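Working notes, structure below.
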Amino acid sequence: MQQHRRAKIGFAALLACLLPSSPIAAQEQVGVHSAVNPQATGTPRGAASRGLAIGQEVLFNERLATGGAGQTQILFLDESALSIGPNSDIVVDQFVYDPKAGAGRLALNASRGVFRFVGGKLSKEENAVTMATPSAVLAIRGGIFLVEIGPDGDLTVVLIYGTELTVTGRNGATTKITRSGFGSRVERPGASPSAPLRIEHEKLGTLTAQFEGRAGADGGARIRPTDEKVTTTALYRELARRAELPREREAEFHRPRTHELGRLHDRLHLSTVAKQAAAQRFPALFGMRPGN
């Protein structure tokens with residue numbers, strides 16, 4: 001009997017070692033890198049820095065940093081996406097997600113740089129997705145927003161699409177943005193967010209350009225697409241359908257020049273997810289004509 005009891009105690013101890021000690025430990029992996037350009041590193045908690053690669057896991061509390069030519073895009077487990085531009089620094093402070101209930105929380109902490117967030121399932125809940133910056137804390141509900149954090153902590157944020165974007169300054173003052181294309185600015189840490197204001201198209205274009213591919217970059221892909229492979233993809237077929245070119249130019253369209261394919265790949269490989277969500281509402285930002 002005593003031996004049987006010892007066996008039960010030993011088995012329970014083994015289970016305790018195998019099972020995660022907290023919900024956070026159970027969700028150590030929070031997403032994957034869907035695209036990466038050079039000069040992008042990740043530093044997991046208590047570990048050395050590592051170069052980022054496409055398909056690599058993103059870990060809880062990992063610090064992600066990019067250099068002047070660095071870019072990366074994260075797909076989180078709730079299907080939200082975060083694009084990180086050059087010269088940026090951000091940490092995933094918290095990620096808890098219950099796929100059955102569609103509930104949880106995503107908390108980001110950004111210290112510098114440019115970011116674009118495309119909401120997934122978590123952003124449908126109020127205050128479930130937040131981003132802390134030196135000047136303010138941002139909360140998004142159901143949408144897409146752009147953020148630029150200057151070297152002195154000054155902040156520009158714009159709602160591209162969504163229900164509501166809340167900007168709460170470090171002094172407690174709050175601004176709520178509900179109109180697409182409007183945003184707020186915070187001049188410095190401790191200052192109040194401005195009232196909602198329309199962000200200039202030039203500024204939007206400058207911010208969006210930070211997430212475009214760079215010449216010669218491959219987004220982390222091991223093999224760069226060839227002319228033949230590109231023409232067989234669903235994306236290419238969709239572009240062909242929308243272009244509605246005259247029949248006499250059909251052969252030219254189906255056999256594009258190599259440099260055109262390179263430009264297409266460079267522009268689309270990093271931010272396809274975000275473009276699909278926003279291009280219809282702001283076509284000019286993505287080089288499209290209204291109605292296309």
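Numbering starts fresh at 1 for the residues of each chain in the structure tokens, the chains themselves are lettered A, B, ... in the order given, and ligands are numbered from 1 as they appear.
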Within 9 Å of segment 126-142 of chain A using only C-alpha atoms, minus same-chain residues under 3 positions, as a PyMOL selection string: chain A and resi 103-112+118-123+145+149+152-155+157+159+161-172+186-193
Residue nearest Gly181 of chain A among A:Pro196, A:Pro151, A:Gly113, A:Gly85 (counting only C-alpha atoms):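 Ranked by minimum distance to Gly181 of chain A, first place goes to A:Pro196.
Shortest atom-to-atom contact with Ile54 of chain A among A:His33, A:Arg116, A:Arg179, A:Lys100: A:His33, counting only C-alpha atoms.
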